[in-house]
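Asks: Pasting in a structure now, in structure tokens, and then I'll have a few things to ask.
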Amino acid sequence: MTGHVGAFDEVDESLAELLFNAYGDHCDWRAWDGRPMPSWSGINDAVRSHWVAVAVRARELLAT
């Protein structure tokens, strides 16, 4: 894992987007500081790669 979205496969990125959207729905699309939270397409690759890393780990944990 290099911290770059291109290092992840499409399934992991799709799961990451689902998790990101679930988080957004849960917090009423507000960031930690109360500002509006961006959509998946509005975040940069660095932030997206963090969500993909969460998705990869979640998938690993669910597989055990």
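For the structure tokens, the naming scheme is as follows: chains receive sequential letters (A, B, ...) according to their order of presentation, residues are indexed from 1 within each chain, and ligands are indexed from 1 in presentation order.
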As number ranges by chain, please: the residues near region 16-23 of chain A (cut-off 8 Å, only C-alpha atoms, same-chain neighbours under 4 positions excluded).
Replies: A: 12, 27, 29, 39-40, 48, 51-55
Asks: Using CA of Ala58 (chain A) and CA of Arg30 (chain A) as the two end points, give the distance in Å to one decimal.
Replies: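 Taking CA of Ala58 (chain A) and CA of Arg30 (chain A), their separation equals 23.1 Å.
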Asks: What is the distance, in Å and to one decimal place, between CA of Pro38 (chain A) and CA of Val11 (chain A)?
Replies: 21.7 Å
Asks: Can you list, as a PDB file with N, CA and C atoms, in the first residue's frame, all residues belonging to chain A that DSSP tags as helix (DSSP H, G or I)?
Replies:
ATOM      1  N   VAL A   5      -4.332   6.277  -4.347  1.00  0.00           N
ATOM      2  CA  VAL A   5      -5.558   5.587  -4.721  1.00  0.00           C
ATOM      3  C   VAL A   5      -5.313   4.584  -5.836  1.00  0.00           C
ATOM      4  N   GLY A   6      -4.451   4.895  -6.768  1.00  0.00           N
ATOM      5  CA  GLY A   6      -4.168   3.980  -7.862  1.00  0.00           C
ATOM      6  C   GLY A   6      -3.599   2.650  -7.411  1.00  0.00           C
ATOM      7  N   ALA A   7      -3.078   2.590  -6.184  1.00  0.00           N
ATOM      8  CA  ALA A   7      -2.506   1.355  -5.651  1.00  0.00           C
ATOM      9  C   ALA A   7      -3.596   0.398  -5.191  1.00  0.00           C
ATOM     10  N   GLU A  10     -10.460  -1.430  -7.758  1.00  0.00           N
ATOM     11  CA  GLU A  10     -11.743  -0.748  -7.930  1.00  0.00           C
ATOM     12  C   GLU A  10     -12.769  -1.159  -6.869  1.00  0.00           C
ATOM     13  N   VAL A  11     -12.734  -2.425  -6.454  1.00  0.00           N
ATOM     14  CA  VAL A  11     -13.665  -2.908  -5.429  1.00  0.00           C
ATOM     15  C   VAL A  11     -13.402  -2.191  -4.109  1.00  0.00           C
ATOM     16  N   ASP A  12     -12.120  -2.059  -3.741  1.00  0.00           N
ATOM     17  CA  ASP A  12     -11.771  -1.366  -2.498  1.00  0.00           C
ATOM     18  C   ASP A  12     -12.192   0.097  -2.562  1.00  0.00           C
ATOM     19  N   GLU A  13     -12.006   0.734  -3.699  1.00  0.00           N
ATOM     20  CA  GLU A  13     -12.398   2.134  -3.818  1.00  0.00           C
ATOM     21  C   GLU A  13     -13.925   2.282  -3.774  1.00  0.00           C
ATOM     22  N   SER A  14     -14.649   1.341  -4.357  1.00  0.00           N
ATOM     23  CA  SER A  14     -16.116   1.384  -4.290  1.00  0.00           C
ATOM     24  C   SER A  14     -16.604   1.215  -2.859  1.00  0.00           C
ATOM     25  N   LEU A  15     -15.994   0.276  -2.126  1.00  0.00           N
ATOM     26  CA  LEU A  15     -16.353   0.083  -0.722  1.00  0.00           C
ATOM     27  C   LEU A  15     -16.012   1.335   0.077  1.00  0.00           C
ATOM     28  N   ALA A  16     -14.878   1.944  -0.204  1.00  0.00           N
ATOM     29  CA  ALA A  16     -14.486   3.172   0.487  1.00  0.00           C
ATOM     30  C   ALA A  16     -15.518   4.266   0.272  1.00  0.00           C
ATOM     31  N   GLU A  17     -16.011   4.396  -0.939  1.00  0.00           N
ATOM     32  CA  GLU A  17     -17.029   5.412  -1.227  1.00  0.00           C
ATOM     33  C   GLU A  17     -18.319   5.123  -0.455  1.00  0.00           C
ATOM     34  N   LEU A  18     -18.707   3.854  -0.372  1.00  0.00           N
ATOM     35  CA  LEU A  18     -19.902   3.492   0.401  1.00  0.00           C
ATOM     36  C   LEU A  18     -19.724   3.844   1.882  1.00  0.00           C
ATOM     37  N   LEU A  19     -18.545   3.552   2.431  1.00  0.00           N
ATOM     38  CA  LEU A  19     -18.267   3.867   3.836  1.00  0.00           C
ATOM     39  C   LEU A  19     -18.242   5.375   4.060  1.00  0.00           C
ATOM     40  N   PHE A  20     -17.620   6.097   3.152  1.00  0.00           N
ATOM     41  CA  PHE A  20     -17.568   7.551   3.239  1.00  0.00           C
ATOM     42  C   PHE A  20     -18.978   8.140   3.240  1.00  0.00           C
ATOM     43  N   ASN A  21     -19.826   7.639   2.337  1.00  0.00           N
ATOM     44  CA  ASN A  21     -21.191   8.138   2.261  1.00  0.00           C
ATOM     45  C   ASN A  21     -21.997   7.779   3.506  1.00  0.00           C
ATOM     46  N   ALA A  22     -21.755   6.607   4.070  1.00  0.00           N
ATOM     47  CA  ALA A  22     -22.428   6.225   5.319  1.00  0.00           C
ATOM     48  C   ALA A  22     -22.014   7.168   6.444  1.00  0.00           C
ATOM     49  N   TYR A  23     -20.733   7.506   6.502  1.00  0.00           N
ATOM     50  CA  TYR A  23     -20.235   8.456   7.494  1.00  0.00           C
ATOM     51  C   TYR A  23     -20.899   9.817   7.296  1.00  0.00           C
ATOM     52  N   GLY A  24     -20.953  10.268   6.049  1.00  0.00           N
ATOM     53  CA  GLY A  24     -21.582  11.548   5.756  1.00  0.00           C
ATOM     54  C   GLY A  24     -23.048  11.574   6.153  1.00  0.00           C
ATOM     55  N   ASP A  25     -23.751  10.496   5.848  1.00  0.00           N
ATOM     56  CA  ASP A  25     -25.160  10.410   6.240  1.00  0.00           C
ATOM     57  C   ASP A  25     -25.312  10.457   7.757  1.00  0.00           C
ATOM     58  N   HIS A  26     -24.411   9.770   8.457  1.00  0.00           N
ATOM     59  CA  HIS A  26     -24.500   9.700   9.921  1.00  0.00           C
ATOM     60  C   HIS A  26     -24.254  11.052  10.591  1.00  0.00           C
ATOM     61  N   TRP A  40     -17.805  12.642  -2.097  1.00  0.00           N
ATOM     62  CA  TRP A  40     -16.676  11.776  -2.459  1.00  0.00           C
ATOM     63  C   TRP A  40     -15.878  12.397  -3.612  1.00  0.00           C
ATOM     64  N   SER A  41     -16.566  12.927  -4.601  1.00  0.00           N
ATOM     65  CA  SER A  41     -15.860  13.521  -5.745  1.00  0.00           C
ATOM     66  C   SER A  41     -15.161  14.826  -5.372  1.00  0.00           C
ATOM     67  N   GLY A  42     -15.511  15.398  -4.225  1.00  0.00           N
ATOM     68  CA  GLY A  42     -14.913  16.649  -3.796  1.00  0.00           C
ATOM     69  C   GLY A  42     -13.698  16.513  -2.898  1.00  0.00           C
ATOM     70  N   ASP A  45      -7.133  13.044  -3.569  1.00  0.00           N
ATOM     71  CA  ASP A  45      -6.643  11.668  -3.585  1.00  0.00           C
ATOM     72  C   ASP A  45      -6.032  11.241  -2.255  1.00  0.00           C
ATOM     73  N   ALA A  46      -5.406  12.163  -1.544  1.00  0.00           N
ATOM     74  CA  ALA A  46      -4.802  11.811  -0.254  1.00  0.00           C
ATOM     75  C   ALA A  46      -5.884  11.392   0.739  1.00  0.00           C
ATOM     76  N   VAL A  47      -6.943  12.168   0.840  1.00  0.00           N
ATOM     77  CA  VAL A  47      -8.044  11.834   1.751  1.00  0.00           C
ATOM     78  C   VAL A  47      -8.747  10.573   1.268  1.00  0.00           C
ATOM     79  N   ARG A  48      -8.956  10.468  -0.020  1.00  0.00           N
ATOM     80  CA  ARG A  48      -9.607   9.283  -0.573  1.00  0.00           C
ATOM     81  C   ARG A  48      -8.805   8.023  -0.241  1.00  0.00           C
ATOM     82  N   SER A  49      -7.484   8.123  -0.293  1.00  0.00           N
ATOM     83  CA  SER A  49      -6.649   6.948  -0.003  1.00  0.00           C
ATOM     84  C   SER A  49      -6.804   6.496   1.444  1.00  0.00           C
ATOM     85  N   HIS A  50      -7.073   7.434   2.364  1.00  0.00           N
ATOM     86  CA  HIS A  50      -7.312   7.045   3.763  1.00  0.00           C
ATOM     87  C   HIS A  50      -8.597   6.223   3.870  1.00  0.00           C
ATOM     88  N   TRP A  51      -9.628   6.649   3.158  1.00  0.00           N
ATOM     89  CA  TRP A  51     -10.891   5.907   3.177  1.00  0.00           C
ATOM     90  C   TRP A  51     -10.727   4.545   2.519  1.00  0.00           C
ATOM     91  N   VAL A  52      -9.923   4.461   1.478  1.00  0.00           N
ATOM     92  CA  VAL A  52      -9.667   3.167   0.843  1.00  0.00           C
ATOM     93  C   VAL A  52      -8.927   2.255   1.818  1.00  0.00           C
ATOM     94  N   ALA A  53      -7.994   2.798   2.581  1.00  0.00           N
ATOM     95  CA  ALA A  53      -7.292   1.994   3.580  1.00  0.00           C
ATOM     96  C   ALA A  53      -8.264   1.455   4.626  1.00  0.00           C
ATOM     97  N   VAL A  54      -9.230   2.264   5.040  1.00  0.00           N
ATOM     98  CA  VAL A  54     -10.268   1.804   5.982  1.00  0.00           C
ATOM     99  C   VAL A  54     -11.073   0.676   5.344  1.00  0.00           C
ATOM    100  N   ALA A  55     -11.435   0.828   4.087  1.00  0.00           N
ATOM    101  CA  ALA A  55     -12.212  -0.197   3.392  1.00  0.00           C
ATOM    102  C   ALA A  55     -11.446  -1.512   3.299  1.00  0.00           C
ATOM    103  N   VAL A  56     -10.172  -1.425   2.986  1.00  0.00           N
ATOM    104  CA  VAL A  56      -9.336  -2.624   2.898  1.00  0.00           C
ATOM    105  C   VAL A  56      -9.294  -3.334   4.246  1.00  0.00           C
ATOM    106  N   ARG A  57      -9.075  -2.579   5.308  1.00  0.00           N
ATOM    107  CA  ARG A  57      -9.004  -3.179   6.645  1.00  0.00           C
ATOM    108  C   ARG A  57     -10.351  -3.756   7.064  1.00  0.00           C
ATOM    109  N   ALA A  58     -11.439  -3.067   6.782  1.00  0.00           N
ATOM    110  CA  ALA A  58     -12.770  -3.573   7.113  1.00  0.00           C
ATOM    111  C   ALA A  58     -13.024  -4.893   6.385  1.00  0.00           C
ATOM    112  N   ARG A  59     -12.672  -4.947   5.122  1.00  0.00           N
ATOM    113  CA  ARG A  59     -12.849  -6.178   4.354  1.00  0.00           C
ATOM    114  C   ARG A  59     -12.021  -7.308   4.951  1.00  0.00           C
ATOM    115  N   GLU A  60     -10.780  -7.018   5.350  1.00  0.00           N
ATOM    116  CA  GLU A  60      -9.923  -8.037   5.978  1.00  0.00           C
ATOM    117  C   GLU A  60     -10.531  -8.537   7.283  1.00  0.00           C
ATOM    118  N   LEU A  61     -11.026  -7.618   8.102  1.00  0.00           N
ATOM    119  CA  LEU A  61     -11.611  -8.011   9.387  1.00  0.00           C
ATOM    120  C   LEU A  61     -12.879  -8.831   9.202  1.00  0.00           C
ATOM    121  N   LEU A  62     -13.687  -8.477   8.219  1.00  0.00           N
ATOM    122  CA  LEU A  62     -14.918  -9.222   7.974  1.00  0.00           C
ATOM    123  C   LEU A  62     -14.653 -10.611   7.403  1.00  0.00           C
ATOM    124  N   ALA A  63     -13.503 -10.794   6.785  1.00  0.00           N
ATOM    125  CA  ALA A  63     -13.144 -12.076   6.198  1.00  0.00           C
ATOM    126  C   ALA A  63     -12.621 -13.070   7.236  1.00  0.00           C
TER     127      ALA A  63
END
